[in-house]
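Student: What follows is work14.cif, mmCIF, C-alpha atoms.
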```cif
data_coords
#
loop_
_atom_site.label_atom_id
_atom_site.label_comp_id
_atom_site.auth_asym_id
_atom_site.auth_seq_id
_atom_site.Cartn_x
_atom_site.Cartn_y
_atom_site.Cartn_z
CA MET A 1 7.22 1.44 -14.50
CA LEU A 2 8.29 4.39 -12.35
CA ASP A 3 10.18 7.41 -13.71
CA LEU A 4 11.91 10.18 -11.74
CA VAL A 5 13.02 11.91 -14.96
CA PRO A 6 16.75 11.71 -14.15
CA VAL A 7 19.07 14.47 -15.37
CA ARG A 8 22.58 13.40 -16.36
CA SER A 9 25.71 15.52 -16.30
CA ASP A 10 25.46 15.87 -20.11
CA GLN A 11 21.75 16.85 -20.17
CA THR A 12 19.57 19.91 -19.82
CA THR A 13 16.09 19.65 -18.31
CA GLY A 14 14.70 19.68 -21.84
CA ASP A 15 16.93 16.75 -22.78
CA ALA A 16 15.73 14.79 -19.73
CA LEU A 17 12.09 15.41 -20.66
CA ALA A 18 12.74 14.27 -24.23
CA ALA A 19 14.34 11.10 -22.85
CA THR A 20 11.31 10.46 -20.65
CA LEU A 21 8.92 10.78 -23.59
CA SER A 22 11.05 8.35 -25.61
CA LEU A 23 11.08 5.94 -22.66
CA ALA A 24 7.31 6.22 -22.23
CA ARG A 25 6.70 5.49 -25.90
CA ALA A 26 8.92 2.40 -25.59
CA ALA A 27 6.96 1.24 -22.53
CA ASP A 28 3.69 1.77 -24.40
CA GLU A 29 4.86 -0.22 -27.42
CA LEU A 30 6.26 -3.04 -25.27
CA GLY A 31 2.98 -3.61 -23.44
CA TYR A 32 3.76 -2.20 -20.00
CA HIS A 33 0.63 -1.43 -17.99
CA ARG A 34 1.41 1.68 -15.92
CA TYR A 35 3.82 4.60 -16.16
CA TRP A 36 4.08 6.62 -12.95
CA LEU A 37 6.01 9.84 -12.37
CA ALA A 38 7.42 10.96 -9.05
CA GLU A 39 7.46 14.25 -7.18
CA HIS A 40 10.86 15.48 -5.98
CA HIS A 41 12.04 19.07 -5.60
CA ASN A 42 15.30 21.04 -5.75
CA MET A 43 17.44 18.04 -6.72
CA PRO A 44 20.17 18.43 -9.37
CA ALA A 45 19.57 14.95 -10.80
CA VAL A 46 15.76 14.78 -10.81
CA ALA A 47 13.41 16.76 -13.08
CA ALA A 48 10.18 15.17 -11.79
CA THR A 49 9.02 18.24 -9.88
CA ASN A 50 5.43 18.38 -11.10
CA PRO A 51 3.61 15.06 -11.67
CA PRO A 52 0.41 16.52 -13.24
CA VAL A 53 2.39 18.36 -15.92
CA LEU A 54 4.50 15.28 -16.65
CA ILE A 55 1.44 13.02 -16.72
CA ALA A 56 -0.18 15.28 -19.32
CA LEU A 57 2.97 15.14 -21.46
CA VAL A 58 3.33 11.36 -21.21
CA ALA A 59 -0.36 10.58 -21.68
CA GLY A 60 -0.40 12.79 -24.78
CA ALA A 61 2.63 11.00 -26.21
CA THR A 62 1.28 7.46 -25.64
CA GLU A 63 -1.86 5.56 -26.54
CA ARG A 64 -2.50 2.74 -24.10
CA LEU A 65 -0.53 3.22 -20.88
CA ARG A 66 -2.17 4.12 -17.60
CA VAL A 67 -0.24 7.22 -16.53
CA GLY A 68 -0.10 8.39 -12.94
CA SER A 69 1.73 9.90 -10.01
CA GLY A 70 4.16 7.97 -7.88
CA GLY A 71 3.26 10.10 -6.18
CA VAL A 72 1.80 13.49 -5.44
CA MET A 73 3.10 14.47 -2.00
CA LEU A 74 -0.21 15.66 -0.65
CA PRO A 75 0.99 17.76 2.32
CA ASN A 76 2.75 20.01 -0.22
CA HIS A 77 -0.50 21.02 -1.94
CA ALA A 78 -4.02 22.20 -1.31
CA PRO A 79 -6.34 19.18 -1.80
CA LEU A 80 -8.62 21.14 -4.14
CA VAL A 81 -5.69 21.90 -6.47
CA VAL A 82 -4.79 18.20 -6.66
CA ALA A 83 -8.42 17.26 -7.24
CA GLU A 84 -8.77 19.85 -10.02
CA GLN A 85 -5.55 18.75 -11.74
CA PHE A 86 -6.42 15.07 -11.80
CA ALA A 87 -10.08 15.61 -12.66
CA LEU A 88 -8.90 17.44 -15.78
CA LEU A 89 -6.39 14.72 -16.61
CA GLU A 90 -9.08 12.05 -16.25
CA ALA A 91 -11.42 14.06 -18.47
CA ALA A 92 -8.72 14.34 -21.14
CA TYR A 93 -7.58 10.69 -20.91
CA PRO A 94 -10.54 8.76 -19.42
CA GLY A 95 -9.64 5.41 -17.91
CA ARG A 96 -5.90 6.04 -18.20
CA ILE A 97 -5.09 8.17 -15.13
CA ASP A 98 -3.87 7.04 -11.68
CA LEU A 99 -3.49 9.34 -8.68
CA GLY A 100 -0.93 8.00 -6.22
CA LEU A 101 -0.83 10.00 -2.97
CA GLY A 102 2.15 10.17 -0.62
CA ARG A 103 2.79 11.74 2.76
CA ALA A 104 6.55 12.42 2.58
CA PRO A 105 7.84 15.92 1.76
CA GLY A 106 9.89 14.91 -1.30
CA SER A 107 12.28 17.80 -0.73
CA ASP A 108 14.64 19.57 1.64
CA PRO A 109 13.25 21.68 4.54
CA VAL A 110 13.76 25.02 2.75
CA THR A 111 11.93 23.85 -0.37
CA THR A 112 9.24 22.28 1.79
CA PHE A 113 8.61 25.63 3.43
CA ALA A 114 8.38 27.35 0.05
CA LEU A 115 5.97 24.72 -1.29
CA ARG A 116 3.63 24.79 1.67
CA HIS A 117 3.46 28.52 2.24
CA GLY A 118 -0.25 29.23 2.00
CA ALA A 119 -1.09 25.71 0.83
CA GLY A 120 -0.90 23.37 3.75
CA GLY A 121 0.51 25.23 6.73
CA VAL A 122 3.65 24.35 8.63
CA SER A 123 5.32 21.01 8.04
CA ASP A 124 4.11 19.10 11.14
CA GLU A 125 0.55 20.31 10.74
CA ALA A 126 0.39 19.41 7.06
CA VAL A 127 1.71 15.90 7.67
CA SER A 128 -0.59 15.29 10.65
CA ARG A 129 -3.60 16.27 8.53
CA PHE A 130 -2.75 13.81 5.75
CA PRO A 131 -5.78 11.53 6.39
CA GLU A 132 -8.07 14.57 6.25
CA TYR A 133 -6.45 15.75 3.02
CA VAL A 134 -6.96 12.29 1.47
CA ASP A 135 -10.65 12.41 2.40
CA ASN A 136 -10.92 15.89 0.89
CA VAL A 137 -9.40 14.81 -2.43
CA LEU A 138 -11.69 11.77 -2.60
CA ALA A 139 -14.78 13.87 -1.90
CA MET A 140 -13.89 16.72 -4.24
CA MET A 141 -13.21 14.35 -7.14
CA ASP A 142 -16.58 12.62 -6.84
CA THR A 143 -18.55 13.10 -10.07
CA GLY A 144 -21.38 14.64 -8.05
CA GLY A 145 -19.12 17.07 -6.20
CA VAL A 146 -19.25 17.81 -2.49
CA GLY A 147 -20.99 20.31 -0.20
CA LEU A 148 -18.67 22.69 1.65
CA SER A 149 -20.05 24.32 4.81
CA VAL A 150 -18.91 27.91 5.38
CA GLN A 151 -20.46 30.25 7.98
CA GLY A 152 -23.59 28.19 8.33
CA ARG A 153 -24.22 27.74 4.60
CA THR A 154 -23.44 24.81 2.33
CA TYR A 155 -21.86 25.57 -1.02
CA PRO A 156 -21.44 23.06 -3.90
CA LEU A 157 -17.85 22.33 -4.83
CA ARG A 158 -16.68 20.31 -7.84
CA ALA A 159 -13.16 19.65 -9.05
CA THR A 160 -14.44 20.00 -12.62
CA PRO A 161 -17.90 20.96 -13.95
CA ALA A 162 -19.11 17.75 -15.58
CA ALA A 163 -16.99 14.73 -14.72
CA THR A 164 -18.11 11.30 -15.92
CA SER A 165 -15.31 9.29 -14.24
CA VAL A 166 -12.57 9.62 -11.65
CA PRO A 167 -8.98 8.35 -11.71
CA ALA A 168 -7.92 5.34 -9.68
CA ILE A 169 -6.54 6.62 -6.36
CA TRP A 170 -3.74 4.79 -4.52
CA LEU A 171 -1.91 5.40 -1.25
CA LEU A 172 1.89 5.15 -1.32
CA GLY A 173 4.25 4.49 1.55
CA SER A 174 7.57 3.16 2.80
CA SER A 175 6.41 2.51 6.39
CA ASP A 176 3.39 1.08 8.18
CA TYR A 177 1.55 4.44 8.41
CA SER A 178 0.12 4.46 4.89
CA ALA A 179 -0.46 0.71 5.04
CA ARG A 180 -2.78 1.19 8.02
CA LEU A 181 -4.51 4.18 6.43
CA ALA A 182 -5.05 2.44 3.08
CA ALA A 183 -6.50 -0.59 4.88
CA GLU A 184 -8.80 1.58 6.97
CA LYS A 185 -10.11 3.49 3.94
CA GLY A 186 -10.34 0.47 1.63
CA MET A 187 -7.87 1.90 -0.88
CA PRO A 188 -5.20 0.16 -3.00
CA TYR A 189 -1.69 0.43 -1.57
CA VAL A 190 1.84 0.62 -3.01
CA PHE A 191 4.98 -0.08 -0.98
CA ALA A 192 8.10 1.83 -2.06
CA HIS A 193 10.38 -1.20 -1.99
CA HIS A 194 12.76 0.55 -4.43
CA PHE A 195 13.46 3.23 -1.82
CA SER A 196 13.08 1.49 1.51
CA GLY A 197 14.10 -2.09 0.79
CA SER A 198 13.11 -3.19 4.30
CA GLY A 199 9.82 -3.69 6.07
CA THR A 200 8.05 -4.69 2.85
CA ALA A 201 6.53 -7.94 4.13
CA GLU A 202 5.44 -6.35 7.41
CA ALA A 203 3.75 -3.37 5.73
CA LEU A 204 1.91 -5.52 3.18
CA GLU A 205 0.73 -7.98 5.85
CA LEU A 206 -0.48 -5.07 7.98
CA TYR A 207 -2.42 -3.74 5.00
CA ARG A 208 -3.99 -7.09 4.09
CA SER A 209 -4.91 -8.13 7.62
CA ASN A 210 -6.60 -4.81 8.43
CA PHE A 211 -8.25 -4.15 5.06
CA ARG A 212 -11.85 -2.94 5.11
CA PRO A 213 -13.67 -3.25 1.78
CA SER A 214 -14.93 -0.01 0.23
CA PRO A 215 -17.39 0.62 -2.61
CA GLU A 216 -14.43 1.15 -4.95
CA VAL A 217 -12.13 -1.68 -3.79
CA ALA A 218 -13.58 -4.97 -2.59
CA GLU A 219 -10.34 -6.66 -1.54
CA PRO A 220 -6.68 -5.73 -0.89
CA ARG A 221 -4.82 -4.60 -3.97
CA THR A 222 -1.08 -4.06 -3.84
CA PHE A 223 2.12 -3.74 -5.78
CA LEU A 224 5.70 -2.92 -4.94
CA THR A 225 8.42 -1.00 -6.75
CA VAL A 226 11.94 -2.18 -7.49
CA ASN A 227 15.06 -0.61 -9.01
CA ALA A 228 16.18 -2.52 -12.09
CA VAL A 229 19.10 -2.56 -14.53
CA VAL A 230 18.98 -5.22 -17.23
CA ALA A 231 21.64 -5.70 -19.91
CA PRO A 232 22.85 -8.56 -22.14
CA THR A 233 25.50 -9.52 -19.56
CA GLN A 234 25.89 -9.28 -15.80
CA GLU A 235 29.09 -7.26 -16.19
CA GLU A 236 27.40 -4.63 -18.34
CA ALA A 237 24.42 -4.43 -15.97
CA ASP A 238 26.76 -3.90 -13.00
CA ARG A 239 28.51 -1.04 -14.78
CA LEU A 240 25.24 0.61 -15.82
CA ALA A 241 23.92 0.43 -12.24
CA LEU A 242 26.86 2.33 -10.74
CA PRO A 243 25.75 5.96 -11.44
CA GLN A 244 22.42 5.50 -9.65
CA LEU A 245 24.01 3.53 -6.81
CA LEU A 246 26.44 6.40 -6.21
CA ALA A 247 23.60 8.93 -6.34
CA MET A 248 21.63 6.99 -3.71
CA LEU A 249 24.75 6.56 -1.60
CA ALA A 250 25.26 10.34 -1.58
CA LEU A 251 21.62 10.83 -0.59
CA ARG A 252 21.89 8.33 2.28
CA THR A 253 25.22 9.59 3.64
CA GLY A 254 24.79 13.35 3.29
CA GLY A 255 27.12 13.58 0.33
CA GLU A 256 26.97 16.19 -2.40
CA LEU A 257 23.98 15.81 -4.70
CA ALA A 258 24.86 16.40 -8.34
CA PRO A 259 23.56 15.59 -11.82
CA GLN A 260 23.71 11.86 -12.46
CA ARG A 261 27.17 10.80 -13.57
CA LEU A 262 27.83 9.01 -16.83
CA VAL A 263 29.09 5.44 -16.39
CA GLU A 264 32.70 6.33 -17.17
CA GLU A 265 32.54 9.21 -14.66
CA ALA A 266 31.06 6.95 -11.99
CA GLU A 267 33.78 4.35 -12.45
CA LYS A 268 36.40 6.93 -11.44
CA VAL A 269 34.78 7.56 -8.05
CA GLN A 270 36.52 6.08 -5.01
CA VAL A 271 33.89 4.92 -2.50
CA PRO A 272 35.08 5.39 1.12
CA GLU A 273 35.64 2.13 2.96
CA GLN A 274 32.99 3.00 5.56
CA HIS A 275 30.34 3.35 2.84
CA ARG A 276 31.03 0.17 0.88
CA GLY A 277 28.78 -1.95 3.06
CA LEU A 278 25.85 0.39 2.44
CA LEU A 279 26.55 0.39 -1.30
CA ASP A 280 26.61 -3.43 -1.37
CA ALA A 281 23.41 -3.63 0.68
CA MET A 282 21.58 -1.36 -1.77
CA ARG A 283 22.92 -3.31 -4.74
CA SER A 284 21.68 -6.59 -3.22
CA ARG A 285 18.09 -5.27 -3.08
CA TRP A 286 18.04 -4.12 -6.70
CA VAL A 287 17.40 -6.24 -9.78
CA ILE A 288 20.70 -6.09 -11.70
CA GLY A 289 21.62 -8.65 -14.31
CA SER A 290 20.98 -10.40 -17.59
CA PRO A 291 17.40 -10.87 -18.84
CA ASP A 292 16.90 -14.38 -17.46
CA VAL A 293 18.36 -13.48 -14.07
CA ALA A 294 16.31 -10.28 -13.87
CA ARG A 295 13.02 -11.90 -14.87
CA ALA A 296 13.51 -14.67 -12.32
CA ARG A 297 14.30 -12.14 -9.59
CA ILE A 298 11.19 -10.09 -10.35
CA ALA A 299 9.01 -13.21 -10.43
CA ASP A 300 10.49 -14.22 -7.06
CA LEU A 301 9.72 -10.79 -5.58
CA ALA A 302 6.13 -10.99 -6.82
CA ALA A 303 5.70 -14.46 -5.32
CA THR A 304 7.47 -13.68 -2.05
CA TYR A 305 5.31 -10.66 -1.31
CA ALA A 306 2.16 -11.94 -3.09
CA VAL A 307 1.63 -8.63 -4.90
CA ASP A 308 -0.73 -8.06 -7.81
CA GLU A 309 1.87 -6.14 -9.82
CA VAL A 310 5.55 -5.19 -9.75
CA MET A 311 6.53 -1.67 -10.79
CA VAL A 312 10.00 -1.46 -12.32
CA HIS A 313 12.10 1.67 -11.80
CA PRO A 314 14.71 1.42 -14.62
CA VAL A 315 17.84 3.09 -13.28
CA ALA A 316 20.47 2.14 -15.87
CA GLY A 317 23.01 4.89 -16.52
CA SER A 318 24.37 6.15 -19.83
CA TRP A 319 27.74 6.02 -21.53
CA VAL A 320 29.82 8.98 -22.63
CA GLY A 321 28.59 10.09 -26.06
CA THR A 322 24.96 9.05 -25.53
CA GLU A 323 22.45 11.23 -27.38
CA PRO A 324 21.29 13.81 -24.78
CA GLY A 325 17.60 13.34 -25.53
CA ARG A 326 17.64 9.56 -25.01
CA THR A 327 18.34 7.03 -22.27
CA PRO A 328 19.06 3.91 -24.36
CA ALA A 329 20.06 1.68 -21.44
CA ARG A 330 16.81 2.42 -19.58
CA GLU A 331 14.85 1.60 -22.73
CA GLU A 332 16.87 -1.58 -23.15
CA THR A 333 16.03 -2.60 -19.56
CA LEU A 334 12.34 -2.47 -20.49
CA ARG A 335 12.85 -4.31 -23.80
CA LEU A 336 14.92 -7.11 -22.26
CA LEU A 337 12.39 -7.63 -19.46
CA ALA A 338 9.48 -7.68 -21.92
#
```
Write the structure described by the file as structure tokens, please.
Tutor:
Amino acid sequence: MLDLVPVRSDQTTGDALAATLSLARAADELGYHRYWLAEHHNMPAVAATNPPVLIALVAGATERLRVGSGGVMLPNHAPLVVAEQFALLEAAYPGRIDLGLGRAPGSDPVTTFALRHGAGGVSDEAVSRFPEYVDNVLAMMDTGGVGLSVQGRTYPLRATPAATSVPAIWLLGSSDYSARLAAEKGMPYVFAHHFSGSGTAEALELYRSNFRPSPEVAEPRTFLTVNAVVAPTQEEADRLALPQLLAMLALRTGGELAPQRLVEEAEKVQVPEQHRGLLDAMRSRWVIGSPDVARARIADLAATYAVDEVMVHPVAGSWVGTEPGRTPAREETLRLLA
């Protein structure tokens, strides 16, 4: 599953983190395989600003889950810093850490400038150097380290002093750019179907048809992500989906970004006529419904796109009076799917 650590109108950041840990424990107990955490900045409704910190919290609170980043936006950070962070996480939780790398900024232009100052240059340069940054992370995380040439001399560089393993490293994308790059480098690839919703088949076919085997990955390996709200009835699922639908609508139309509304707050919002088509289009791409309907839809997605896994992003909202440190409807989505 994917988690953006949403912050509701009745929550503090601490409450949202507590809810994420409760959700992760539920995923662990229910037998889910991966738990990935996103990177987004300066957003009133998202507390997932720092994937390595969140991964450490979640991995420490669970026993079996693979915990990873979905993803680290690499142009925001110096490759050595990313390599050091994930080398330490892998050392602490061997065999349980995934490093998903993305190319998008994950923030507004002002925050992007603040993030990259001194750690990646100006925006266009940092993005254009993404393939180089990926190579740097891969090399620096090698258990044997890498040689860095400076002023005619070669210096040894290791992300951590005595690594015995490295995390699984994935490329993430919502366009054909990362699909081509992952194929070229022989890396596993994830398509952000939950965000894009279009171009999925084309990107995955591009990846598979151009894949070059690498020592780490012998054949194409893919999964896609999907937004999901599962409840005992269709009516309840539709109501629980509304807060996140309105949040995404605001993001897509330049509306005001705010903490995620509670269901009863969302139901009072009047959606402008010109935006209803977009809202319906987003809803049609999500998995919203009763357990049988939702399971069938996810199985159909997996078969349609021939992916190895499906990553669920549980986006169910909360009712007025919900305990601040919990997200019961998101936990129920996982339980009903399991």
Student: Show me, as a list of chain:residue names, the residues that have an atom within 12 Å of Ala303 in chain A when counting only C-alpha atoms, minus same-chain residues fewer than 5 positions from it.
Tutor: A:Ala201, A:Phe223, A:Leu224, A:Ala296, A:Arg297, A:Ile298, A:Asp308, A:Glu309, A:Val310
Student: List the residues matched by the PyMOL selection byres ((chain A and resi 307) around 12) in the displayed structure as JSON, numbers by chain, ordered by chain and then by residue number.
Tutor: {"A": [188, 189, 190, 191, 193, 200, 201, 204, 205, 207, 208, 220, 221, 222, 223, 224, 225, 298, 299, 300, 301, 302, 303, 304, 305, 306, 308, 309, 310, 311]}
Student: Could you write out that same residue set with C-alpha atoms as a PDB file, in the coordinates of the input?
Tutor:
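Generated output (part04.pdb):
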```
ATOM      1  CA  PRO A 188      -5.200   0.160  -3.000  1.00  0.00           C
ATOM      2  CA  TYR A 189      -1.690   0.430  -1.570  1.00  0.00           C
ATOM      3  CA  VAL A 190       1.840   0.620  -3.010  1.00  0.00           C
ATOM      4  CA  PHE A 191       4.980  -0.080  -0.980  1.00  0.00           C
ATOM      5  CA  HIS A 193      10.380  -1.200  -1.990  1.00  0.00           C
ATOM      6  CA  THR A 200       8.050  -4.690   2.850  1.00  0.00           C
ATOM      7  CA  ALA A 201       6.530  -7.940   4.130  1.00  0.00           C
ATOM      8  CA  LEU A 204       1.910  -5.520   3.180  1.00  0.00           C
ATOM      9  CA  GLU A 205       0.730  -7.980   5.850  1.00  0.00           C
ATOM     10  CA  TYR A 207      -2.420  -3.740   5.000  1.00  0.00           C
ATOM     11  CA  ARG A 208      -3.990  -7.090   4.090  1.00  0.00           C
ATOM     12  CA  PRO A 220      -6.680  -5.730  -0.890  1.00  0.00           C
ATOM     13  CA  ARG A 221      -4.820  -4.600  -3.970  1.00  0.00           C
ATOM     14  CA  THR A 222      -1.080  -4.060  -3.840  1.00  0.00           C
ATOM     15  CA  PHE A 223       2.120  -3.740  -5.780  1.00  0.00           C
ATOM     16  CA  LEU A 224       5.700  -2.920  -4.940  1.00  0.00           C
ATOM     17  CA  THR A 225       8.420  -1.000  -6.750  1.00  0.00           C
ATOM     18  CA  ILE A 298      11.190 -10.090 -10.350  1.00  0.00           C
ATOM     19  CA  ALA A 299       9.010 -13.210 -10.430  1.00  0.00           C
ATOM     20  CA  ASP A 300      10.490 -14.220  -7.060  1.00  0.00           C
ATOM     21  CA  LEU A 301       9.720 -10.790  -5.580  1.00  0.00           C
ATOM     22  CA  ALA A 302       6.130 -10.990  -6.820  1.00  0.00           C
ATOM     23  CA  ALA A 303       5.700 -14.460  -5.320  1.00  0.00           C
ATOM     24  CA  THR A 304       7.470 -13.680  -2.050  1.00  0.00           C
ATOM     25  CA  TYR A 305       5.310 -10.660  -1.310  1.00  0.00           C
ATOM     26  CA  ALA A 306       2.160 -11.940  -3.090  1.00  0.00           C
ATOM     27  CA  ASP A 308      -0.730  -8.060  -7.810  1.00  0.00           C
ATOM     28  CA  GLU A 309       1.870  -6.140  -9.820  1.00  0.00           C
ATOM     29  CA  VAL A 310       5.550  -5.190  -9.750  1.00  0.00           C
ATOM     30  CA  MET A 311       6.530  -1.670 -10.790  1.00  0.00           C
TER      31      MET A 311
END
```
Student: Would you translate the PyMOL selection byres ((chain A and resi 99-109) around 9) into the concrete set of residues it matches in this file, as a PyMOL selection string?
Tutor: chain A and resi 36+39-43+67-76+86+97-98+110-114+123+127+130+134+167-173+178+189-190
Student: Counting all atoms listed in the file, figure out which residue out of A:Val146, A:Val263, A:Leu21, A:Leu337 gets nearest to Pro291 in chain A.
Tutor: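 So, comparing all the options, the nearest one is A:Leu337.
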Student: Could you check the closest approach to Lys185 in chain A for each of A:Ala250, A:Val137, A:Val81, A:Val217 and tell me which residue wins, using all atoms listed in the file?
Tutor: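 Using all atoms listed in the file, the shortest distance to Lys185 in chain A belongs to A:Val217.
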Student: Please evaluate the PyMOL selection byres ((chain A and resi 184) around 10) against the structure above and give the resulting residues as a ChimeraX atom specification.
Tutor: /A:178-183,185-187,207,210-214
Student: Within 9 Å of Glu63 in chain A, counting only C-alpha atoms, which residues qualify if same-chain residues fewer than 6 places away don't, as a compact mmCIF listing (two decimals) with C-alpha atoms, in the coordinates of the input?
Tutor:
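Just written: part.txt:
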```
# COMPACT_ATOMS: atom_id res chain seq x y z
CA ARG A 25 6.70 5.49 -25.90
CA ASP A 28 3.69 1.77 -24.40
CA GLU A 29 4.86 -0.22 -27.42
```
Student: So which residues touch range 266-282 of chain A within 12 Å, counting all atoms listed in the file, skipping near sequence neighbours fewer than 5 positions away, as a PyMOL selection string?
Tutor: chain A and resi 8-9+193-198+226-228+238-255+258-261+287-288+317-320
Student: Nearest residue to Pro44 in chain A out of A:Glu323, A:Glu265, A:Glu236, A:Glu256, using all atoms listed in the file?
Tutor: A:Glu256
Student: Which centre and edge lengths in Å to one decimal define the box along x, y and z that fits every listed atom of range 46-58 of chain A plus 8 Å per side, as JSON?
Tutor:
```
{"center_x": 7.8, "center_y": 14.9, "center_z": -15.7, "size_x": 31.9, "size_y": 23.0, "size_z": 27.6}
```
Student: Do you have the CA of Tyr35 in chain A-CA of Ala329 in chain A distance handy?
Tutor: 17.3 Å
Student: What gap, in Å, lies between CA of Val53 in chain A and CA of Val230 in chain A?
Tutor: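 Here the two named atoms are 28.9 Å from each other.
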Student: Compile a residue-level contact table for range 64-127 of chain A against range 156-159 of chain A at a cut-off of 10 Å, reporting for every qualifying residue the shortest atom pair and its distance in Å to one decimal, with only C-alpha atoms counted, rows ordered by chain and ascending number, as CSV.
Tutor:
```
residue,atom,partner,partner_atom,distance
A:Pro79,CA,A:Ala159,CA,10.0
A:Leu80,CA,A:Ala159,CA,6.9
A:Val81,CA,A:Ala159,CA,8.2
A:Val82,CA,A:Ala159,CA,8.8
A:Ala83,CA,A:Ala159,CA,5.6
A:Glu84,CA,A:Ala159,CA,4.5
A:Gln85,CA,A:Ala159,CA,8.1
A:Phe86,CA,A:Ala159,CA,8.6
A:Ala87,CA,A:Ala159,CA,6.2
A:Leu88,CA,A:Ala159,CA,8.3
```
Student: Restricting the calculation to all atoms listed in the file, which member of A:Leu206, A:Ala91, A:Ala18, A:Ala237 is positioned closest to Ser290 in chain A?
Tutor: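 Looking only at the distances to Ser290 in chain A, the closest residue turns out to be A:Ala237.
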Student: Please list as a list in words every residue within 9 Å of Ala56 in chain A, counting all atoms listed in the file and excluding residues in the same chain fewer than 6 positions away.
Tutor: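 The residues satisfying every condition are Val67, Leu89, Ala92 and Tyr93 of chain A.
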Student: So how far away is CA of Asn136 in chain A from CA of Ala78 in chain A, in Å?
Tutor: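 Pair CA of Ala78 in chain A / CA of Asn136 in chain A returns 9.6 Å.
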Student: Quick one: of A:Pro161, A:Gly321, A:Gly14, A:Gly31, who's nearest to Arg335 in chain A, counting all atoms listed in the file?
Tutor: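 Looking only at the distances to Arg335 in chain A, the closest residue turns out to be A:Gly31.
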Student: Which is closest to Pro52 in chain A among A:Glu90, A:Ala24, A:Val7, A:Asp15, if we use all atoms listed in the file?
Tutor: A:Glu90
Student: Taking the partial coordinates given, rebuild range 136-152 of chain A to contain N, CA and C atoms; return it as a PDB file, in the frame of the given file.
Tutor:
```
ATOM      1  N   ASN A 136     -10.499  14.716   1.665  1.00  0.00           N
ATOM      2  CA  ASN A 136     -10.920  15.890   0.890  1.00  0.00           C
ATOM      3  C   ASN A 136     -10.761  15.658  -0.610  1.00  0.00           C
ATOM      4  N   VAL A 137      -9.627  15.082  -1.006  1.00  0.00           N
ATOM      5  CA  VAL A 137      -9.400  14.810  -2.430  1.00  0.00           C
ATOM      6  C   VAL A 137     -10.449  13.834  -2.948  1.00  0.00           C
ATOM      7  N   LEU A 138     -10.698  12.768  -2.190  1.00  0.00           N
ATOM      8  CA  LEU A 138     -11.690  11.770  -2.600  1.00  0.00           C
ATOM      9  C   LEU A 138     -13.058  12.411  -2.786  1.00  0.00           C
ATOM     10  N   ALA A 139     -13.453  13.244  -1.835  1.00  0.00           N
ATOM     11  CA  ALA A 139     -14.780  13.870  -1.900  1.00  0.00           C
ATOM     12  C   ALA A 139     -14.872  14.866  -3.044  1.00  0.00           C
ATOM     13  N   MET A 140     -13.852  15.684  -3.212  1.00  0.00           N
ATOM     14  CA  MET A 140     -13.890  16.720  -4.240  1.00  0.00           C
ATOM     15  C   MET A 140     -13.869  16.147  -5.647  1.00  0.00           C
ATOM     16  N   MET A 141     -13.287  14.944  -5.815  1.00  0.00           N
ATOM     17  CA  MET A 141     -13.210  14.350  -7.140  1.00  0.00           C
ATOM     18  C   MET A 141     -14.442  13.529  -7.492  1.00  0.00           C
ATOM     19  N   ASP A 142     -15.350  13.351  -6.542  1.00  0.00           N
ATOM     20  CA  ASP A 142     -16.580  12.620  -6.840  1.00  0.00           C
ATOM     21  C   ASP A 142     -17.314  13.305  -7.993  1.00  0.00           C
ATOM     22  N   THR A 143     -17.883  12.513  -8.906  1.00  0.00           N
ATOM     23  CA  THR A 143     -18.550  13.100 -10.070  1.00  0.00           C
ATOM     24  C   THR A 143     -19.701  14.012  -9.676  1.00  0.00           C
ATOM     25  N   GLY A 144     -20.275  13.786  -8.501  1.00  0.00           N
ATOM     26  CA  GLY A 144     -21.380  14.640  -8.050  1.00  0.00           C
ATOM     27  C   GLY A 144     -20.927  15.844  -7.255  1.00  0.00           C
ATOM     28  N   GLY A 145     -19.629  15.953  -6.988  1.00  0.00           N
ATOM     29  CA  GLY A 145     -19.120  17.070  -6.200  1.00  0.00           C
ATOM     30  C   GLY A 145     -19.353  16.847  -4.714  1.00  0.00           C
ATOM     31  N   VAL A 146     -19.122  17.896  -3.942  1.00  0.00           N
ATOM     32  CA  VAL A 146     -19.250  17.810  -2.490  1.00  0.00           C
ATOM     33  C   VAL A 146     -19.819  19.124  -1.976  1.00  0.00           C
ATOM     34  N   GLY A 147     -20.495  19.087  -0.834  1.00  0.00           N
ATOM     35  CA  GLY A 147     -20.990  20.310  -0.200  1.00  0.00           C
ATOM     36  C   GLY A 147     -19.995  20.816   0.812  1.00  0.00           C
ATOM     37  N   LEU A 148     -19.633  22.092   0.726  1.00  0.00           N
ATOM     38  CA  LEU A 148     -18.670  22.690   1.650  1.00  0.00           C
ATOM     39  C   LEU A 148     -19.401  23.676   2.542  1.00  0.00           C
ATOM     40  N   SER A 149     -19.344  23.458   3.852  1.00  0.00           N
ATOM     41  CA  SER A 149     -20.050  24.320   4.810  1.00  0.00           C
ATOM     42  C   SER A 149     -19.148  25.478   5.228  1.00  0.00           C
ATOM     43  N   VAL A 150     -19.634  26.701   5.008  1.00  0.00           N
ATOM     44  CA  VAL A 150     -18.910  27.910   5.380  1.00  0.00           C
ATOM     45  C   VAL A 150     -19.901  28.884   6.011  1.00  0.00           C
ATOM     46  N   GLN A 151     -19.631  29.272   7.259  1.00  0.00           N
ATOM     47  CA  GLN A 151     -20.460  30.250   7.980  1.00  0.00           C
ATOM     48  C   GLN A 151     -21.949  29.896   7.941  1.00  0.00           C
ATOM     49  N   GLY A 152     -22.203  28.624   8.207  1.00  0.00           N
ATOM     50  CA  GLY A 152     -23.590  28.190   8.330  1.00  0.00           C
ATOM     51  C   GLY A 152     -24.288  27.873   7.024  1.00  0.00           C
TER      52      GLY A 152
END
```
